[in-house]
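Visitor: The structure follows.
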Amino acid sequence: MTAKRLERLRLQTMEELGFGPTAMRKIKKCPKCGRMASSENDFCRECGSRLPETTLYDYYKSLHRVCPDCETVVSRQTDYCPCCGAKLKDAAGIPKEAAANA
Ligand SMILES: [Zn+2]
Ligand SMILES: [Zn+2]
């Protein structure tokens, strides 16, 4: 299996699980009951609370790191984007130079 094929598979899996940027932009989270709702909805279908403008993607973006190239949410421990392979900056904002020119 080539690396490119693996990347595609990963992206597909992430989209299906709801962690891809495309999928997450379609989901909002109710601030009151915590239920997921479509980003097209203005009010929660469960409790009737007004849903925020921000989607799940914005929420995750505020909690996690996001790949600057493909906008996939990545874990703090990752140096490279699992989706597109782009080199990510360190969580503290300091790039790890160790393998930069390898
Ligand atoms: Zn609700
Ligand atoms: Zn990426």
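Every chain in the structure tokens takes a letter, A first, then B, and so on in the order presented; its residues are numbered from 1, and the ligands are numbered from 1 following the presented order.
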Ligand 1: which residues are within 12 Å, counting only C-alpha atoms and all ligand atoms, as an MDAnalysis selection string?
Guide: chainID A and resid 28:38 41:52
Visitor: Each residue of chain A with at least one atom at most 10 Å from ligand 2 should appear once, together with its nearest atom pair and the corresponding distance in Å (one decimal); atoms considered: only C-alpha atoms and all ligand atoms; ordering: chain, then increasing residue number; output as a Markdown table.
Guide:
```
| residue | atom | partner | partner_atom_place_in_ligand_line | distance |
| --- | --- | --- | --- | --- |
| A:Glu7 | CA | ligand 2 | 1 (Zn) | 9.8 |
| A:Leu11 | CA | ligand 2 | 1 (Zn) | 9.4 |
| A:Val66 | CA | ligand 2 | 1 (Zn) | 7.9 |
| A:Cys67 | CA | ligand 2 | 1 (Zn) | 4.6 |
| A:Pro68 | CA | ligand 2 | 1 (Zn) | 6.6 |
| A:Asp69 | CA | ligand 2 | 1 (Zn) | 5.0 |
| A:Cys70 | CA | ligand 2 | 1 (Zn) | 4.1 |
| A:Glu71 | CA | ligand 2 | 1 (Zn) | 6.0 |
| A:Thr72 | CA | ligand 2 | 1 (Zn) | 5.7 |
| A:Val73 | CA | ligand 2 | 1 (Zn) | 8.3 |
| A:Val74 | CA | ligand 2 | 1 (Zn) | 8.4 |
| A:Tyr80 | CA | ligand 2 | 1 (Zn) | 7.8 |
| A:Cys81 | CA | ligand 2 | 1 (Zn) | 4.6 |
| A:Pro82 | CA | ligand 2 | 1 (Zn) | 6.6 |
| A:Cys83 | CA | ligand 2 | 1 (Zn) | 4.9 |
| A:Cys84 | CA | ligand 2 | 1 (Zn) | 4.0 |
| A:Gly85 | CA | ligand 2 | 1 (Zn) | 5.8 |
| A:Ala86 | CA | ligand 2 | 1 (Zn) | 5.3 |
| A:Lys87 | CA | ligand 2 | 1 (Zn) | 8.2 |
| A:Leu88 | CA | ligand 2 | 1 (Zn) | 8.5 |
```
Visitor: Would you please work out which residue, of A:Lys89, A:Lys26, A:Arg5, A:Arg76, is nearest to Tyr57 (chain A) when using only C-alpha atoms?
Guide: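 Going through A:Lys89, A:Lys26, A:Arg5, A:Arg76 one by one, the smallest distance to Tyr57 (chain A) is for A:Lys26.
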Visitor: Output as a list of chain:residue names all residues of region 19-87 of chain A that backbone DSSP marks as helix (DSSP H, G or I).
Guide: A:Pro21, A:Thr22, A:Ala23, A:Met24, A:Leu56, A:Tyr57, A:Asp58, A:Tyr59, A:Tyr60, A:Lys61, A:Ser62, A:Leu63
Visitor: Any chance you could tabulate, as CSV, the residues of region 36-69 of chain A at most 10 Å from region 19-24 of chain A with each one's nearest atom pair and distance in Å to one decimal, using only C-alpha atoms, in chain and rising number order?
Guide:
```
residue,atom,partner,partner_atom,distance
A:Ser38,CA,A:Met24,CA,9.8
A:Ser39,CA,A:Met24,CA,9.1
A:Thr55,CA,A:Met24,CA,6.9
A:Leu56,CA,A:Met24,CA,5.3
A:Tyr57,CA,A:Met24,CA,4.8
A:Asp58,CA,A:Met24,CA,8.4
A:Tyr59,CA,A:Met24,CA,9.3
A:Tyr60,CA,A:Met24,CA,8.7
A:Lys61,CA,A:Pro21,CA,9.8
A:Val66,CA,A:Pro21,CA,9.5
```
